[in-house]
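Coordinates from input-v3.txt are shown below (compact mmCIF, C-alpha atoms and all ligand atoms).
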# COMPACT_ATOMS: atom_id res chain seq x y z
CA MET R 208 34.47 34.70 66.73
CA THR R 209 36.97 33.84 69.44
CA ALA R 210 35.84 32.41 72.79
CA THR R 211 36.60 35.75 74.47
CA GLU R 212 34.49 37.62 71.93
CA THR R 213 31.54 35.24 72.37
CA SER R 214 31.69 35.56 76.14
CA ILE R 215 31.23 39.34 76.18
CA SER R 216 27.69 40.35 77.03
CA LEU R 217 26.93 44.05 77.33
CA PRO R 218 25.05 44.98 80.51
CA ALA R 219 21.45 45.91 79.70
CA GLY R 220 21.80 49.33 81.34
CA LEU R 221 24.67 50.25 79.04
CA ARG R 222 23.05 49.39 75.70
CA PRO R 223 21.49 51.96 73.38
CA LYS R 224 17.70 51.74 73.01
CA ASP R 225 18.11 51.27 69.27
CA GLY R 226 21.17 49.47 67.97
CA ARG R 227 21.16 50.66 64.35
CA PHE R 228 24.26 52.73 63.53
CA GLY R 229 24.70 51.80 59.86
CA SER R 230 25.59 54.39 57.23
CA GLY R 231 22.97 53.10 54.79
CA PRO R 232 20.49 51.60 54.80
CA SER R 233 20.23 53.42 58.09
CA LYS R 234 17.90 53.44 61.06
CA VAL R 235 14.24 53.95 60.15
CA ARG R 236 12.31 55.66 62.95
CA PRO R 237 9.68 53.48 64.65
CA GLU R 238 7.27 56.44 64.37
CA ALA R 239 7.58 56.35 60.57
CA ILE R 240 7.04 52.60 60.47
CA HIS R 241 3.96 53.09 62.64
CA ALA R 242 2.63 55.74 60.26
CA LEU R 243 3.18 53.39 57.32
CA SER R 244 1.47 50.58 59.10
CA SER R 245 -1.55 52.73 60.05
CA LEU R 246 -1.99 53.87 56.45
CA ALA R 247 -1.13 50.52 54.92
CA ARG R 248 -4.61 49.24 54.04
CA ASP R 249 -5.50 52.30 51.99
CA TYR R 250 -2.03 52.98 50.62
CA LEU R 251 0.22 49.95 50.09
CA GLY R 252 -0.91 47.89 47.14
CA THR R 253 -2.77 50.76 45.48
CA SER R 254 -2.15 52.44 42.13
CA HIS R 255 0.68 54.93 41.89
CA ARG R 256 -1.36 56.77 39.24
CA GLN R 257 -4.13 57.63 41.73
CA ALA R 258 -4.47 60.46 44.25
CA THR R 259 -3.65 58.45 47.39
CA VAL R 260 -0.10 57.82 46.23
CA LYS R 261 0.34 61.01 44.21
CA ASP R 262 -0.62 63.03 47.31
CA GLN R 263 2.24 61.41 49.22
CA VAL R 264 4.67 62.16 46.38
CA SER R 265 3.44 65.75 46.40
CA ARG R 266 3.80 65.93 50.20
CA LEU R 267 7.37 64.66 49.89
CA ARG R 268 8.32 67.00 47.03
CA SER R 269 7.00 70.09 48.79
CA GLY R 270 8.44 68.92 52.11
CA LEU R 271 11.89 68.68 50.49
CA SER R 272 11.52 72.15 48.92
CA ASN R 273 10.74 73.56 52.38
CA LEU R 274 13.51 71.58 54.04
CA PHE R 275 16.11 72.97 51.62
CA ASN R 276 14.49 76.41 51.48
CA LEU R 277 14.69 76.23 47.69
CA PRO R 278 14.45 79.49 45.72
CA ASP R 279 11.63 79.99 43.20
CA GLY R 280 12.02 77.96 40.05
CA TRP R 281 13.79 75.04 41.70
CA GLU R 282 12.12 71.64 41.29
CA ILE R 283 12.29 68.28 43.01
CA ILE R 284 12.58 65.46 40.47
CA LEU R 285 12.47 61.78 41.38
CA GLY R 286 12.80 58.37 39.82
CA ASN R 287 13.68 54.75 40.41
CA GLY R 288 17.09 53.22 40.87
CA GLY R 289 18.84 55.17 43.63
CA THR R 290 21.88 57.40 43.32
CA THR R 291 23.81 54.87 41.24
CA LEU R 292 21.17 55.06 38.54
CA PHE R 293 21.13 58.84 38.78
CA TRP R 294 24.85 58.92 37.82
CA ASP R 295 23.99 57.03 34.64
CA ALA R 296 21.05 59.34 33.97
CA ALA R 297 23.23 62.43 34.61
CA SER R 298 25.76 61.19 32.06
CA PHE R 299 22.97 61.48 29.50
CA GLY R 300 20.79 64.35 30.72
CA LEU R 301 23.02 66.75 32.68
CA ILE R 302 26.59 66.54 31.38
CA GLU R 303 26.72 68.10 27.96
CA TYR R 304 30.25 67.05 27.03
CA ALA R 305 32.97 67.90 29.53
CA SER R 306 32.94 67.46 33.30
CA GLN R 307 35.24 67.88 36.28
CA HIS R 308 35.05 65.35 39.15
CA LEU R 309 36.38 65.64 42.67
CA THR R 310 37.23 62.13 43.83
CA PHE R 311 38.11 61.37 47.45
CA GLY R 312 36.62 57.98 48.17
CA GLU R 313 34.55 55.15 46.78
CA PHE R 314 31.33 57.00 45.92
CA SER R 315 32.83 60.11 44.38
CA SER R 316 35.07 57.87 42.23
CA LYS R 317 32.12 55.89 40.90
CA PHE R 318 30.50 58.82 39.11
CA ALA R 319 33.87 59.67 37.49
CA LYS R 320 34.07 56.07 36.22
CA VAL R 321 30.59 56.30 34.69
CA VAL R 322 31.69 59.35 32.72
CA GLN R 323 35.03 57.80 31.72
CA ALA R 324 33.14 54.88 30.20
CA ALA R 325 30.54 56.99 28.36
CA PRO R 326 31.37 57.06 24.62
CA HIS R 327 29.44 60.30 24.03
CA LEU R 328 31.36 62.35 26.65
CA ALA R 329 34.91 63.73 26.78
CA GLU R 330 37.50 62.21 29.09
CA PRO R 331 36.60 63.81 32.44
CA GLN R 332 38.97 66.01 34.45
CA ILE R 333 39.60 64.29 37.74
CA ILE R 334 40.92 66.05 40.83
CA SER R 335 41.67 63.59 43.64
CA SER R 336 42.84 63.75 47.19
CA GLU R 337 43.79 61.14 49.76
CA PRO R 338 40.97 59.33 51.60
CA GLY R 339 40.25 61.30 54.75
CA THR R 340 40.57 64.67 52.96
CA HIS R 341 38.72 66.41 50.12
CA PRO R 342 39.91 68.38 47.09
CA MET R 343 38.44 71.67 45.83
CA PRO R 344 37.08 72.31 42.34
CA VAL R 345 39.10 74.44 39.94
CA LYS R 346 37.55 76.84 37.44
CA SER R 347 37.90 75.22 34.07
CA ASN R 348 36.44 74.94 30.61
CA VAL R 349 33.83 72.31 31.52
CA ASP R 350 30.01 72.29 31.48
CA SER R 351 29.59 70.34 34.74
CA TYR R 352 31.37 70.10 38.09
CA ALA R 353 30.71 66.89 40.04
CA LEU R 354 31.05 67.32 43.80
CA THR R 355 30.14 65.08 46.74
CA HIS R 356 28.75 66.68 49.88
CA ASN R 357 29.55 63.85 52.26
CA GLU R 358 31.89 61.00 51.22
CA THR R 359 30.20 58.15 53.05
CA SER R 360 33.10 55.74 52.59
CA THR R 361 35.59 57.91 54.50
CA GLY R 362 33.48 60.23 56.67
CA VAL R 363 34.60 63.48 55.03
CA LEU R 364 32.29 66.48 54.65
CA ALA R 365 33.19 68.75 51.73
CA THR R 366 32.57 72.46 51.34
CA LEU R 367 30.23 73.23 48.46
CA SER R 368 31.29 76.24 46.47
CA ARG R 369 30.66 77.19 42.88
CA PRO R 370 34.02 77.37 41.09
CA SER R 371 32.76 79.38 38.14
CA GLU R 372 29.63 81.12 36.84
CA ASP R 373 29.69 78.79 33.84
CA GLY R 374 29.03 75.12 34.29
CA LEU R 375 26.48 73.33 36.40
CA VAL R 376 27.43 72.24 39.93
CA LEU R 377 26.14 68.68 40.46
CA VAL R 378 26.33 67.46 44.05
CA ASP R 379 26.01 63.88 45.24
CA ALA R 380 24.33 64.50 48.59
CA THR R 381 23.20 60.96 49.27
CA SER R 382 24.32 60.81 52.90
CA ALA R 383 24.10 64.56 53.62
CA ALA R 384 20.65 65.50 52.33
CA GLY R 385 18.40 66.22 55.30
CA ALA R 386 21.26 66.48 57.79
CA VAL R 387 23.58 69.25 56.61
CA LEU R 388 22.84 72.85 55.61
CA TRP R 389 23.76 73.91 52.07
CA ASN R 390 23.38 77.02 50.00
CA PRO R 391 21.37 76.67 46.76
CA SER R 392 23.28 79.58 45.21
CA GLU R 393 26.41 77.36 45.13
CA VAL R 394 24.65 74.37 43.53
CA ASP R 395 22.53 73.45 40.49
CA CYS R 396 21.60 69.86 41.16
CA TYR R 397 21.58 68.36 44.66
CA TYR R 398 20.79 64.66 44.30
CA PHE R 399 20.42 61.84 46.80
CA ALA R 400 18.71 58.60 47.79
CA PRO R 401 16.47 58.30 50.87
CA GLN R 402 18.06 55.38 52.77
CA LYS R 403 20.68 57.50 54.56
CA ALA R 404 19.93 60.78 56.33
CA LEU R 405 16.27 60.60 55.30
CA ALA R 406 15.76 57.38 57.26
CA SER R 407 13.71 55.66 54.58
CA ASP R 408 14.43 52.64 52.39
CA GLY R 409 16.47 52.44 49.19
CA GLY R 410 15.56 52.26 45.52
CA LEU R 411 14.64 55.84 44.60
CA TRP R 412 16.65 58.92 43.63
CA PHE R 413 15.70 62.55 44.23
CA ALA R 414 17.23 65.66 42.70
CA ALA R 415 16.68 69.29 43.68
CA CYS R 416 17.29 71.13 40.41
CA SER R 417 17.90 74.82 39.74
CA PRO R 418 16.23 76.47 36.74
CA ARG R 419 19.58 76.15 34.90
CA ALA R 420 19.70 72.42 35.61
CA VAL R 421 16.11 72.01 34.43
CA GLU R 422 16.99 73.92 31.26
CA ARG R 423 20.00 71.65 30.65
CA ILE R 424 17.86 68.54 31.12
CA GLN R 425 15.28 69.84 28.68
CA LEU R 426 17.96 70.70 26.13
CA LEU R 427 19.82 67.37 26.26
CA CYS R 428 16.71 65.21 26.53
CA SER R 429 14.99 66.72 23.52
CA GLY R 430 18.02 66.68 21.21
CA ASP R 431 19.77 64.08 19.05
CA ARG R 432 21.40 62.15 21.88
CA TRP R 433 20.10 58.59 22.26
CA ILE R 434 18.87 58.14 25.84
CA PRO R 435 17.27 54.95 27.22
CA ALA R 436 13.82 55.92 28.52
CA SER R 437 14.44 54.77 32.10
CA LEU R 438 17.53 57.03 32.23
CA ASP R 439 15.86 59.99 30.55
CA LEU R 440 15.72 62.90 33.01
CA GLY R 441 13.33 64.75 30.68
CA ILE R 442 10.82 61.93 31.13
CA ALA R 443 11.51 61.95 34.89
CA LEU R 444 10.90 65.72 34.96
CA THR R 445 7.55 65.42 33.17
CA ASN R 446 6.42 62.64 35.51
CA SER R 447 7.67 64.37 38.66
CA ARG R 448 5.67 67.48 37.84
CA GLN R 449 2.60 65.22 37.98
CA ASN R 450 3.80 63.65 41.25
CA GLN R 451 4.50 60.39 39.48
CA THR R 452 7.43 58.30 38.35
CA TYR R 453 8.00 56.84 34.89
CA ASN R 454 7.57 53.30 36.23
CA THR R 455 6.32 51.86 39.53
CA PRO R 456 8.12 53.20 42.62
CA SER R 457 8.34 51.67 46.08
CA LEU R 458 5.34 53.18 47.85
CA ALA R 459 6.75 52.36 51.29
CA THR R 460 9.99 54.23 50.51
CA ILE R 461 8.03 57.32 49.50
CA LEU R 462 5.89 57.35 52.63
CA LEU R 463 8.78 56.71 55.03
CA ALA R 464 10.80 59.54 53.41
CA ALA R 465 7.82 61.92 53.62
CA GLU R 466 7.46 61.07 57.32
CA THR R 467 11.13 61.91 58.01
CA VAL R 468 11.01 65.14 56.05
CA ASP R 469 7.88 66.34 57.87
CA TRP R 470 9.39 65.33 61.22
CA ILE R 471 12.53 67.39 60.52
CA ASN R 472 10.54 70.37 59.22
CA GLU R 473 8.26 70.32 62.26
CA SER R 474 11.21 69.98 64.65
CA GLY R 475 13.01 73.07 63.37
CA GLY R 476 14.17 72.26 59.86
CA LEU R 477 17.60 71.57 58.44
CA LYS R 478 19.34 73.75 61.01
CA TRP R 479 17.82 71.67 63.79
CA ALA R 480 18.75 68.42 62.02
CA GLU R 481 22.36 69.50 61.56
CA ALA R 482 22.64 70.58 65.22
CA ARG R 483 21.27 67.20 66.34
CA CYS R 484 23.74 65.33 64.11
CA ARG R 485 26.60 67.49 65.35
CA GLU R 486 25.67 66.80 68.95
CA SER R 487 25.99 63.08 68.18
CA SER R 488 29.13 63.29 66.07
CA ASP R 489 30.86 65.65 68.54
CA THR R 490 30.19 63.05 71.23
CA ILE R 491 32.04 60.45 69.16
CA TYR R 492 34.96 62.63 68.04
CA GLN R 493 35.47 63.91 71.56
CA TRP R 494 35.26 60.40 73.00
CA ALA R 495 37.81 59.20 70.42
CA GLY R 496 40.12 62.11 71.19
CA GLU R 497 40.14 61.26 74.89
CA ARG R 498 41.09 57.57 74.47
CA SER R 499 44.65 56.32 73.96
CA PHE R 500 43.47 53.56 71.59
CA THR R 501 41.42 55.67 69.16
CA GLN R 502 41.57 58.74 67.03
CA PRO R 503 39.32 60.30 64.41
CA PHE R 504 40.45 59.16 60.92
CA VAL R 505 39.87 62.60 59.39
CA ALA R 506 42.75 64.77 60.60
CA GLU R 507 41.24 68.16 59.73
CA ALA R 508 38.49 68.78 62.32
CA GLY R 509 36.53 70.99 59.90
CA GLN R 510 36.30 68.16 57.36
CA ARG R 511 34.95 65.59 59.84
CA SER R 512 31.48 64.48 58.86
CA PRO R 513 28.60 65.25 61.21
CA VAL R 514 26.77 62.16 59.92
CA VAL R 515 29.36 59.43 59.30
CA CYS R 516 32.08 59.17 61.96
CA THR R 517 35.20 57.18 61.07
CA ILE R 518 37.35 56.25 64.05
CA ASP R 519 40.74 54.51 63.80
CA PHE R 520 41.78 52.00 66.46
CA ASP R 521 45.24 51.11 67.68
CA GLY R 522 46.16 47.99 69.66
CA VAL R 523 42.70 46.44 69.40
CA GLU R 524 41.05 44.90 66.35
CA ALA R 525 38.15 47.11 65.24
CA ASP R 526 36.47 44.19 63.44
CA ALA R 527 36.46 42.24 66.71
CA ILE R 528 34.69 45.16 68.39
CA SER R 529 32.09 45.23 65.60
CA ARG R 530 31.55 41.47 65.92
CA VAL R 531 30.95 41.72 69.66
CA LEU R 532 28.65 44.71 69.23
CA ARG R 533 26.70 42.83 66.54
CA VAL R 534 25.93 39.80 68.70
CA ASN R 535 24.82 42.27 71.36
CA GLY R 536 22.33 43.87 68.96
CA ILE R 537 24.44 46.89 67.94
CA LEU R 538 24.64 46.74 64.16
CA ASP R 539 26.69 47.94 61.19
CA THR R 540 29.60 49.70 62.89
CA GLU R 541 32.05 48.02 60.47
CA SER R 542 34.32 50.31 58.45
CA TYR R 543 33.96 50.65 54.70
CA ARG R 544 35.56 47.43 53.40
CA LYS R 545 37.62 48.89 50.57
CA LEU R 546 39.16 51.56 52.77
CA GLY R 547 41.01 48.72 54.51
CA ARG R 548 41.65 50.44 57.85
CA ASN R 549 41.44 49.26 61.46
CA GLN R 550 38.38 51.40 61.92
CA LEU R 551 34.77 51.70 63.04
CA ARG R 552 32.30 53.74 60.99
CA ILE R 553 29.33 55.04 62.97
CA ALA R 554 26.38 56.90 61.48
CA THR R 555 24.87 59.84 63.37
CA PHE R 556 21.97 60.72 61.07
CA PRO R 557 19.02 62.78 62.41
CA ALA R 558 16.98 59.64 63.17
CA ILE R 559 19.69 58.37 65.51
CA ASP R 560 19.19 59.51 69.09
CA PRO R 561 22.18 61.43 70.58
CA ASP R 562 21.58 59.50 73.84
CA ASP R 563 22.03 56.25 71.95
CA VAL R 564 25.32 57.56 70.58
CA ARG R 565 26.52 58.28 74.13
CA ALA R 566 25.47 54.75 75.12
CA LEU R 567 27.34 53.33 72.14
CA CYS R 568 30.58 55.01 73.25
CA ALA R 569 30.19 53.46 76.70
CA CYS R 570 29.56 50.07 75.08
CA ILE R 571 32.70 50.34 72.96
CA ASP R 572 34.72 51.17 76.09
CA TYR R 573 33.26 48.08 77.75
CA VAL R 574 34.12 45.85 74.77
CA VAL R 575 37.67 47.20 74.44
CA GLU R 576 38.30 46.66 78.13
CA SER R 577 36.99 43.10 77.86
CA LEU R 578 39.09 42.34 74.77
CA THR R 579 42.39 43.74 75.97
C1 LIG V 1 25.12 55.33 49.40
C2 LIG V 1 25.72 56.31 48.48
C3 LIG V 1 25.59 56.18 47.09
C4 LIG V 1 24.89 55.01 46.45
O1 LIG V 1 23.51 55.09 46.65
P1 LIG V 1 22.55 53.98 46.03
O2 LIG V 1 21.17 54.51 46.30
O3 LIG V 1 22.86 52.70 46.70
O4 LIG V 1 22.85 53.91 44.58
C5 LIG V 1 26.15 57.16 46.31
N1 LIG V 1 26.80 58.21 46.83
C6 LIG V 1 26.94 58.37 48.16
C7 LIG V 1 27.67 59.57 48.69
C8 LIG V 1 26.41 57.42 49.03
O5 LIG V 1 26.54 57.58 50.34

Kindly present the structure from the file in C-alpha cells form.
Ligand SMILES: *Cc1c(COP(=O)(O)O)cnc(C)c1O
Amino acid sequence: MTATETSISLPAGLRPKDGRFGSGPSKVRPEAIHALSSLARDYLGTSHRQATVKDQVSRLRSGLSNLFNLPDGWEIILGNGGTTLFWDAASFGLIEYASQHLTFGEFSSKFAKVVQAAPHLAEPQIISSEPGTHPMPVKSNVDSYALTHNETSTGVLATLSRPSEDGLVLVDATSAAGAVLWNPSEVDCYYFAPQKALASDGGLWFAACSPRAVERIQLLCSGDRWIPASLDLGIALTNSRQNQTYNTPSLATILLAAETVDWINESGGLKWAEARCRESSDTIYQWAGERSFTQPFVAEAGQRSPVVCTIDFDGVEADAISRVLRVNGILDTESYRKLGRNQLRIATFPAIDPDDVRALCACIDYVVESLT
C-alpha cells in the first residue's frame, strides 16, 4: 500500500454496520450464527444418521421446495463437494451423450471444460458471448442444455428459457438461488451451493430436480456407465430421500442454510428476496451512473445482476480502493481476477443490508476523493 492509501481512515459514521460484500463465501447473518451457537451442544458433533441432523436436512429440503414453489414431483437432492463437484457428477448422471453449453464467463466455461474432457461424452456444443453479456440457447439435437443463471465472475444475469421440449435444461444457479425468481417450467435441474445467496458456508451442493431429471438420473445411474460412487447422483438421490448424504456433510453448513431459507420464506419468499437484492443493486448501479469516474460494466441494463454488481472505474485504480476499504474493515470488493478489468465487484445478496450498500457507496466516494 502507498502512504496515501495507508493514511485514509473512513469516518465511523460513514461505515457500513457489516463490511462483508464478497460474492462467495458471502456474508453469513449474525442471527444464523446465533442459532447455530444456541443449538451447538445438541447438534454439532452428533451423528448425521440420527434424527437431530436428519430433521435439519429435512427442514432445509422442504424449505427450499417452498422457496422455489416447486411443482409436485420435484425433489431436492444434496451431496458433498459444492457446485464444482456437481459438474463432475452431472457429466456422469445427467448428460446422456450430447450437451449444449452457454459460456459467458469463468464459471459457465468450467462446466463446458468438464464435458470436453469426459471420454464417455460427445464434444459439447459451445455458444459463447463476450464477458458482460450472455448468449441464448439454440434448439438442437442434444440431450442437455447447460445454462448459468447468474455469472458470478462478470455480474451478468441470464434469462432462463427452455429452447426445446426435448433435452433437459440444467442451470448453474450457484449465486442466484434464493435471490432471483425463476420458473420451474423452463428448467429441469436448478443446482447451487449455499455459500452465496443462501448465506451459509461452502462444501455442499443442492439440486432441485424435475421428474424428468430424476428419471434421467435413475436411467444413467443404473446402466452400464462406470460412475465413481461419490459422483453417483443415483446414490445421492437415494440418500437425499432419507434426508442424508452418502458421506459425512458439514453440519454447520446445513443449519446455516436452513436458517437463511426459513428467514427468506418468513419474510415474504423469493419475491421479497429479489426485491431486497434489487433495492441494493439499483443503489449501486444508480450511484455508478451518476459518477464521472464509474460505470456499470454490463452495458445492457436488463442483464445487470441484482446480486453481483460489477463497476468499472476510470482515472482511479480500483484495486487501490479495495485495499483501502479492506484495511477499514470493508472486505472482498475486488473484481474477479481473471476478468482483468479496473473494476470493483460488490455482492448484494439477501443477507446484505440495503442500508449497508448505501453506506458502502458513500465510503467509496470518500476513498476516491482521498486518492485523487
Ligand atoms: C461460486 C460458483 C461456482 C463454484 O462453486 P463451488 O461451490 O466453489 O464449487 C460455480 N458456479 C457459479 C455460478 C458460482 O458462482

Would you pick out the contacts of Ala219 (chain R) at 12 Å or less, using only C-alpha atoms, so that residues sharing its chain but fewer than 2 positions from it are not included, and give the list as a list in words?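 So the residues in contact are Ser216, Leu217, Leu221, Arg222, Pro223, Lys224, Asn535, Gly536, Ala566, Ala569 and Cys570 of chain R.
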
Hey, can you check how far CA of Ile215 (chain R) sits from CA of Asp526 (chain R)?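 One can read the CA of Ile215 (chain R) to CA of Asp526 (chain R) distance as 14.6 Å.
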
Around ligand LIG 1 (chain V), which protein and nucleic acid residues have at least one atom no more than 6 Å from it, if we count all atoms listed in the file? List them as a PyMOL selection string. chain R and resi 289-291+314+357-359+379-382+400+409

Excluding same-chain residues fewer than 4 positions from Ser371 (chain R), what lies within 10 Å of it counting only C-alpha atoms, as a PyMOL selection string? chain R and resi 344-349+352+375-376+393

For Lys261 (chain R): contacts at 10 Å, only C-alpha atoms, fewer than 5 positions along chain excluded, given as an MDAnalysis selection string: chainID R and resid 254:256 266:267 447 449:452 458

My list of candidates is R:Val534, R:Ala406, R:Val523, R:Leu328. Which is closest to Pro237 (chain R) when distances are computed with all atoms listed in the file?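 When distances to Pro237 (chain R) are compared using all atoms listed in the file, the smallest one comes from R:Ala406.
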